[in-house]
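Here is the structure we will look at, set down as structure tokens.
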Amino acid sequence: MDRLDELAIFVAVVQQGSLAAAGRKLRRSAPAITRAIAALEQRFGTRLVERTTRRLAPTEAGVRLLERAQQLLQDYQAVVQDTAEAQLSGLLRVTSPVQFGRRYVAPVVMAFLDDYPQMQIEMVLNDRNLDLIDEGLDIAVRIGHLQDSSRVARRLGQVSRVTVASPDYLARCGEPRSPAQLAEHATIVGTQRPSLREWRFGPQENGERVRLAPRLLLNDVEAQLLAVRAGKGVARLLSYQVADDLAAGTLVRLLTDHEPLPMPVQLVAQQAQRMPLKVRAFWDYAFERLSALPQIQPDGRGK
């Protein structure tokens, strides 16, 4: 047992007045408490506590040790605190998909900076999965399955690709009842990736593919949202991007029986062991807040 740990047990025994009470406070077993006190008494060559009818009390040697032990433990805690505060400073680089970062990661970053005034954070918003090592990044938020199994990941939730249109558009053009019927509708697609001009429905292995001849092509998600809200066609976006519109009724979710499987939303870092303290601090801070978002919960809240 660590000798500082033994001193902490001795202080707790004296302050609590019994071995059992000290064990409850420190979440240690009674035999472990007894062994620690016996080891201290053997090392000092004298009794440190005496049992009375009601409680334990320090001997004269125990009183002297108590004062020194308390000061030593306070000094040690101060050194640990100073070291931790010194490490919770400097630059942290965080990357995220653009829209998710704007909506959810940026507020977490700003709150973190309020709580840790010595920290500096650079946010890199990019819809490409930037390599953490090559780009000098500390933490990433990823949507989708990881390609690199060497990275450590912590699941936050999940999102789905959903097909949507405005009530006005559906009133004018009707609602597609199958993916194939999308060929009869105006579609709005993003140009970030060429594959978005082919929408896949159902399971990845044997799902249905629909080739599109879109009427409107846009390279920005917010522009796609503006267009679909304005009734210009059918769009396909991530569930978190349209969660507020679906809840408000400004968009309608289509072809729900044909949707592909959800994709995980994850925090990703280079390694779990020897994670720098500043990285670990943001890792835990972001997980607590992002994993509580209703827009990415698997039960469908916010979708």
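Residue names in the structure tokens use chain letters A, B, ... in the order shown, residue numbers from 1 in each chain, and ligand numbers from 1 in the order shown.
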Problem set entry | For segment 110-123 of chain A: contacts at 6 Å, only C-alpha atoms, fewer than 5 positions along chain excluded, given as a list in words |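 The filter keeps Ser89, Gly90, Leu91, Leu92, Arg93, Val94 and Thr95 of chain A.
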Exercise. Looking only at the backbone, which of the residues in segment 34-274 of chain A does DSSP tag as strand (DSSP E or B), as number ranges by chain?
Worked result: A: 49-51, 56-58, 90-96, 119-125, 139-143, 152-159, 161-165, 187-190, 198-201, 208-211, 216-218, 234-238, 252-254, 263-269
For this session: List the neighbours of Ser178 of chain A out to 12 Å using only C-alpha atoms; skip same-chain residues closer than 3 positions along the sequence, and give me the result as a VMD selection string.
Result: chain A and resid 163 175 181 to 185 201 to 202 208 to 210 254 to 259
For N, CA, C and O atoms, I'd like the residues from the last selection saved as an mmCIF file, in the first residue's frame.
data_model
loop_
_atom_site.group_PDB
_atom_site.id
_atom_site.type_symbol
_atom_site.label_atom_id
_atom_site.label_comp_id
_atom_site.auth_asym_id
_atom_site.auth_seq_id
_atom_site.Cartn_x
_atom_site.Cartn_y
_atom_site.Cartn_z
ATOM 1 N N THR A 163 -35.528 11.003 -45.805
ATOM 2 C CA THR A 163 -36.062 11.656 -46.994
ATOM 3 C C THR A 163 -37.201 12.569 -46.556
ATOM 4 O O THR A 163 -38.107 12.135 -45.826
ATOM 5 N N GLU A 175 -47.227 12.267 -52.583
ATOM 6 C CA GLU A 175 -46.162 11.663 -51.771
ATOM 7 C C GLU A 175 -45.656 10.384 -52.419
ATOM 8 O O GLU A 175 -46.447 9.514 -52.773
ATOM 9 N N GLN A 181 -40.527 5.643 -57.051
ATOM 10 C CA GLN A 181 -41.373 6.757 -57.451
ATOM 11 C C GLN A 181 -40.668 8.103 -57.368
ATOM 12 O O GLN A 181 -41.185 9.109 -57.857
ATOM 13 N N LEU A 182 -39.474 8.142 -56.742
ATOM 14 C CA LEU A 182 -38.724 9.391 -56.694
ATOM 15 C C LEU A 182 -38.337 9.873 -58.086
ATOM 16 O O LEU A 182 -38.076 11.064 -58.284
ATOM 17 N N ALA A 183 -38.292 8.957 -59.044
ATOM 18 C CA ALA A 183 -37.978 9.353 -60.418
ATOM 19 C C ALA A 183 -39.025 10.303 -60.973
ATOM 20 O O ALA A 183 -38.754 11.058 -61.932
ATOM 21 N N GLU A 184 -40.225 10.293 -60.411
ATOM 22 C CA GLU A 184 -41.299 11.166 -60.874
ATOM 23 C C GLU A 184 -41.319 12.502 -60.139
ATOM 24 O O GLU A 184 -42.182 13.334 -60.404
ATOM 25 N N HIS A 185 -40.395 12.699 -59.203
ATOM 26 C CA HIS A 185 -40.409 13.898 -58.368
ATOM 27 C C HIS A 185 -39.169 14.754 -58.593
ATOM 28 O O HIS A 185 -38.111 14.261 -59.010
ATOM 29 N N PHE A 201 -31.571 2.781 -50.316
ATOM 30 C CA PHE A 201 -32.610 2.517 -49.336
ATOM 31 C C PHE A 201 -32.488 1.071 -48.849
ATOM 32 O O PHE A 201 -32.069 0.185 -49.593
ATOM 33 N N GLY A 202 -32.883 0.852 -47.596
ATOM 34 C CA GLY A 202 -32.835 -0.488 -47.042
ATOM 35 C C GLY A 202 -31.439 -0.880 -46.616
ATOM 36 O O GLY A 202 -30.529 -0.051 -46.500
ATOM 37 N N GLU A 208 -32.127 -1.099 -52.094
ATOM 38 C CA GLU A 208 -32.538 -0.549 -53.389
ATOM 39 C C GLU A 208 -31.769 0.738 -53.668
ATOM 40 O O GLU A 208 -31.609 1.586 -52.793
ATOM 41 N N ARG A 209 -31.305 0.889 -54.902
ATOM 42 C CA ARG A 209 -30.601 2.091 -55.319
ATOM 43 C C ARG A 209 -31.456 2.859 -56.323
ATOM 44 O O ARG A 209 -32.018 2.262 -57.234
ATOM 45 N N VAL A 210 -31.502 4.172 -56.137
ATOM 46 C CA VAL A 210 -32.276 5.020 -57.038
ATOM 47 C C VAL A 210 -31.361 6.083 -57.613
ATOM 48 O O VAL A 210 -30.794 6.909 -56.885
ATOM 49 N N LEU A 254 -40.488 10.984 -45.209
ATOM 50 C CA LEU A 254 -41.037 10.104 -46.226
ATOM 51 C C LEU A 254 -40.307 8.757 -46.238
ATOM 52 O O LEU A 254 -39.159 8.660 -45.802
ATOM 53 N N LEU A 255 -40.974 7.749 -46.790
ATOM 54 C CA LEU A 255 -40.361 6.437 -47.052
ATOM 55 C C LEU A 255 -39.672 5.859 -45.813
ATOM 56 O O LEU A 255 -38.576 5.298 -45.885
ATOM 57 N N THR A 256 -40.306 5.978 -44.671
ATOM 58 C CA THR A 256 -39.678 5.544 -43.416
ATOM 59 C C THR A 256 -39.419 4.042 -43.384
ATOM 60 O O THR A 256 -38.499 3.587 -42.703
ATOM 61 N N ASP A 257 -40.233 3.265 -44.099
ATOM 62 C CA ASP A 257 -40.034 1.819 -44.107
ATOM 63 C C ASP A 257 -38.844 1.389 -44.966
ATOM 64 O O ASP A 257 -38.467 0.203 -44.958
ATOM 65 N N HIS A 258 -38.283 2.330 -45.698
ATOM 66 C CA HIS A 258 -37.196 1.986 -46.613
ATOM 67 C C HIS A 258 -35.859 2.609 -46.194
ATOM 68 O O HIS A 258 -34.878 2.519 -46.940
ATOM 69 N N GLU A 259 -35.804 3.219 -45.028
ATOM 70 C CA GLU A 259 -34.584 3.924 -44.627
ATOM 71 C C GLU A 259 -33.435 2.953 -44.371
ATOM 72 O O GLU A 259 -33.649 1.841 -43.884
#
Problem set entry | DSSP-assigned helix (DSSP H, G or I) members of segment 42-164 of chain A, reported as an MDAnalysis selection string | chainID A and resid 42:44 60:87 98:115
Problem set entry | Contacts of Pro264 of chain A within 10 Å, only C-alpha atoms, excl. fewer than 3 positions in-chain, as a list in words |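 What passes the distance filter is Arg142, Ile143, Gly144, His145, Leu146, Arg154, Arg155, Leu156, Gly157, Gln158, Val159, Ser160, Leu261, Leu267, Ile296 and Pro298 of chain A.
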Exercise. With only C-alpha atoms as the basis for distance, which of A:Ala38, A:Arg51, A:Ala186, A:Val268 is at the shortest distance from Arg280 of chain A?
Worked result: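 Checking each of A:Ala38, A:Arg51, A:Ala186, A:Val268 against Arg280 of chain A, counting only C-alpha atoms, the winner is A:Val268.
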Exercise. For Leu132 of chain A, which of A:Arg274, A:Arg253, A:Arg3, A:Arg151 is the closest residue, counting only C-alpha atoms?
Worked result: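 Distance minimum relative to Leu132 of chain A lands on A:Arg151.
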Exercise. If you measure from atom CA of Ala32 of chain A to atom CA of Ala78 of chain A, what distance in Å do you get, rounded to one decimal?
Worked result: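 Between atom CA of Ala32 of chain A and atom CA of Ala78 of chain A the gap is 26.4 Å.
The residue that comes closest to Asp168 of chain A, out of A:Lys232, A:Arg197, A:Arg102, A:Arg55 and on the basis of only C-alpha atoms, is A:Lys232.
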For this session: State, in Å with one decimal place, the distance from atom CA of Gln266 of chain A to atom CA of Tyr240 of chain A.
Result: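 Computed distance, atom CA of Gln266 of chain A to atom CA of Tyr240 of chain A, equals 14.2 Å.
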For this session: Compare A:Pro260, A:Val265, A:Val162, A:Gln99 by their minimum atom-to-atom distance to Asp127 of chain A, counting only C-alpha atoms, and give me the closest one.
Result: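 Ranking A:Pro260, A:Val265, A:Val162, A:Gln99 by distance to Asp127 of chain A, first place goes to A:Gln99.
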Problem set entry | Shell of 6 Å around Val234 of chain A, only C-alpha atoms, local chain residues under 2 positions omitted, as a PyMOL selection string | chain A and resi 164-165+187-188
Problem set entry | Shell of 7 Å around Lys278 of chain A, only C-alpha atoms, local chain residues under 3 positions omitted, as a list in words |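 Here the answer would be Gln87, Leu88, Ser89, Ala281 and Phe282 of chain A.
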Generate a file of the selected residues that holds C-alpha atoms, formatted as a PDB file, in the first residue's frame.
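Below is the file that was written, selection_39.pdb:
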ATOM      1  CA  GLN A  87      -1.624  20.851 -17.718  1.00  0.00           C
ATOM      2  CA  LEU A  88      -5.138  22.181 -18.387  1.00  0.00           C
ATOM      3  CA  SER A  89      -3.749  24.945 -20.548  1.00  0.00           C
ATOM      4  CA  ALA A 281     -10.822  16.859 -19.818  1.00  0.00           C
ATOM      5  CA  PHE A 282     -12.526  17.846 -23.081  1.00  0.00           C
TER       6      PHE A 282
END
Seminar exercise, completed: Students should find that atom CA of Thr34 of chain A and atom CA of Leu66 of chain A are spaced 16.9 Å
Exercise. Which residues come within 10 Å of Arg211 of chain A, counting only C-alpha atoms, excluding same-chain residues fewer than 3 positions away, as an MDAnalysis selection string?
Worked result: chainID A and resid 180 182:183 195:200 214
For the selection you just gave me, I'd like the residues written to a file as a PDB file, in the first residue's frame, keeping all heavy atoms.
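File result24.pdb, as written:
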ATOM      1  N   ALA A 180     -38.657   3.945 -55.880  1.00  0.00           N
ATOM      2  CA  ALA A 180     -38.680   4.058 -57.344  1.00  0.00           C
ATOM      3  C   ALA A 180     -39.505   5.247 -57.810  1.00  0.00           C
ATOM      4  O   ALA A 180     -39.220   5.845 -58.861  1.00  0.00           O
ATOM      5  CB  ALA A 180     -39.223   2.766 -57.948  1.00  0.00           C
ATOM      6  N   LEU A 182     -39.474   8.142 -56.742  1.00  0.00           N
ATOM      7  CA  LEU A 182     -38.724   9.391 -56.694  1.00  0.00           C
ATOM      8  C   LEU A 182     -38.337   9.873 -58.086  1.00  0.00           C
ATOM      9  O   LEU A 182     -38.076  11.064 -58.284  1.00  0.00           O
ATOM     10  CB  LEU A 182     -37.465   9.224 -55.826  1.00  0.00           C
ATOM     11  CG  LEU A 182     -37.717   9.090 -54.314  1.00  0.00           C
ATOM     12  CD1 LEU A 182     -36.430   8.708 -53.610  1.00  0.00           C
ATOM     13  CD2 LEU A 182     -38.285  10.384 -53.750  1.00  0.00           C
ATOM     14  N   ALA A 183     -38.292   8.957 -59.044  1.00  0.00           N
ATOM     15  CA  ALA A 183     -37.978   9.353 -60.418  1.00  0.00           C
ATOM     16  C   ALA A 183     -39.025  10.303 -60.973  1.00  0.00           C
ATOM     17  O   ALA A 183     -38.754  11.058 -61.932  1.00  0.00           O
ATOM     18  CB  ALA A 183     -37.865   8.111 -61.299  1.00  0.00           C
ATOM     19  N   SER A 195     -21.623  10.527 -54.805  1.00  0.00           N
ATOM     20  CA  SER A 195     -22.503   9.398 -54.485  1.00  0.00           C
ATOM     21  C   SER A 195     -23.877   9.840 -54.025  1.00  0.00           C
ATOM     22  O   SER A 195     -24.824   9.055 -54.031  1.00  0.00           O
ATOM     23  CB  SER A 195     -21.856   8.522 -53.405  1.00  0.00           C
ATOM     24  OG  SER A 195     -21.664   9.264 -52.213  1.00  0.00           O
ATOM     25  N   LEU A 196     -24.009  11.135 -53.622  1.00  0.00           N
ATOM     26  CA  LEU A 196     -25.306  11.601 -53.158  1.00  0.00           C
ATOM     27  C   LEU A 196     -26.318  11.684 -54.296  1.00  0.00           C
ATOM     28  O   LEU A 196     -27.506  11.861 -54.066  1.00  0.00           O
ATOM     29  CB  LEU A 196     -25.160  12.967 -52.481  1.00  0.00           C
ATOM     30  CG  LEU A 196     -24.405  12.965 -51.145  1.00  0.00           C
ATOM     31  CD1 LEU A 196     -24.352  14.355 -50.560  1.00  0.00           C
ATOM     32  CD2 LEU A 196     -25.042  12.011 -50.156  1.00  0.00           C
ATOM     33  N   ARG A 197     -25.874  11.580 -55.556  1.00  0.00           N
ATOM     34  CA  ARG A 197     -26.821  11.575 -56.676  1.00  0.00           C
ATOM     35  C   ARG A 197     -27.455  10.206 -56.862  1.00  0.00           C
ATOM     36  O   ARG A 197     -28.281  10.010 -57.742  1.00  0.00           O
ATOM     37  CB  ARG A 197     -26.112  12.015 -57.956  1.00  0.00           C
ATOM     38  CG  ARG A 197     -25.529  13.418 -57.846  1.00  0.00           C
ATOM     39  CD  ARG A 197     -25.099  13.947 -59.187  1.00  0.00           C
ATOM     40  NE  ARG A 197     -24.335  15.171 -59.034  1.00  0.00           N
ATOM     41  CZ  ARG A 197     -23.954  15.947 -60.034  1.00  0.00           C
ATOM     42  NH1 ARG A 197     -24.263  15.604 -61.272  1.00  0.00           N
ATOM     43  NH2 ARG A 197     -23.262  17.038 -59.820  1.00  0.00           N
ATOM     44  N   GLU A 198     -27.050   9.269 -56.050  1.00  0.00           N
ATOM     45  CA  GLU A 198     -27.677   7.947 -56.008  1.00  0.00           C
ATOM     46  C   GLU A 198     -28.072   7.686 -54.568  1.00  0.00           C
ATOM     47  O   GLU A 198     -27.225   7.566 -53.689  1.00  0.00           O
ATOM     48  CB  GLU A 198     -26.705   6.870 -56.504  1.00  0.00           C
ATOM     49  CG  GLU A 198     -27.309   5.466 -56.449  1.00  0.00           C
ATOM     50  CD  GLU A 198     -26.310   4.400 -56.874  1.00  0.00           C
ATOM     51  OE1 GLU A 198     -25.518   3.973 -56.004  1.00  0.00           O
ATOM     52  OE2 GLU A 198     -26.308   4.027 -58.052  1.00  0.00           O
ATOM     53  N   TRP A 199     -29.370   7.601 -54.338  1.00  0.00           N
ATOM     54  CA  TRP A 199     -29.847   7.354 -52.983  1.00  0.00           C
ATOM     55  C   TRP A 199     -30.063   5.863 -52.778  1.00  0.00           C
ATOM     56  O   TRP A 199     -30.664   5.186 -53.619  1.00  0.00           O
ATOM     57  CB  TRP A 199     -31.154   8.105 -52.728  1.00  0.00           C
ATOM     58  CG  TRP A 199     -30.960   9.602 -52.662  1.00  0.00           C
ATOM     59  CD1 TRP A 199     -29.791  10.286 -52.645  1.00  0.00           C
ATOM     60  CD2 TRP A 199     -31.997  10.578 -52.606  1.00  0.00           C
ATOM     61  NE1 TRP A 199     -30.009  11.636 -52.574  1.00  0.00           N
ATOM     62  CE2 TRP A 199     -31.360  11.855 -52.553  1.00  0.00           C
ATOM     63  CE3 TRP A 199     -33.382  10.523 -52.598  1.00  0.00           C
ATOM     64  CZ2 TRP A 199     -32.078  13.039 -52.490  1.00  0.00           C
ATOM     65  CZ3 TRP A 199     -34.108  11.709 -52.533  1.00  0.00           C
ATOM     66  CH2 TRP A 199     -33.466  12.958 -52.473  1.00  0.00           C
ATOM     67  N   ARG A 200     -29.567   5.362 -51.621  1.00  0.00           N
ATOM     68  CA  ARG A 200     -29.720   3.947 -51.287  1.00  0.00           C
ATOM     69  C   ARG A 200     -30.741   3.800 -50.176  1.00  0.00           C
ATOM     70  O   ARG A 200     -30.762   4.562 -49.220  1.00  0.00           O
ATOM     71  CB  ARG A 200     -28.377   3.360 -50.836  1.00  0.00           C
ATOM     72  CG  ARG A 200     -27.300   3.417 -51.909  1.00  0.00           C
ATOM     73  CD  ARG A 200     -26.020   2.753 -51.420  1.00  0.00           C
ATOM     74  NE  ARG A 200     -24.971   2.804 -52.438  1.00  0.00           N
ATOM     75  CZ  ARG A 200     -23.787   2.231 -52.319  1.00  0.00           C
ATOM     76  NH1 ARG A 200     -23.501   1.540 -51.222  1.00  0.00           N
ATOM     77  NH2 ARG A 200     -22.892   2.322 -53.275  1.00  0.00           N
ATOM     78  N   PRO A 214     -31.488  15.216 -60.507  1.00  0.00           N
ATOM     79  CA  PRO A 214     -31.971  16.302 -59.636  1.00  0.00           C
ATOM     80  C   PRO A 214     -32.232  17.597 -60.393  1.00  0.00           C
ATOM     81  O   PRO A 214     -31.538  17.932 -61.356  1.00  0.00           O
ATOM     82  CB  PRO A 214     -30.826  16.470 -58.635  1.00  0.00           C
ATOM     83  CG  PRO A 214     -29.616  15.953 -59.332  1.00  0.00           C
ATOM     84  CD  PRO A 214     -30.097  14.838 -60.198  1.00  0.00           C
TER      85      PRO A 214
END
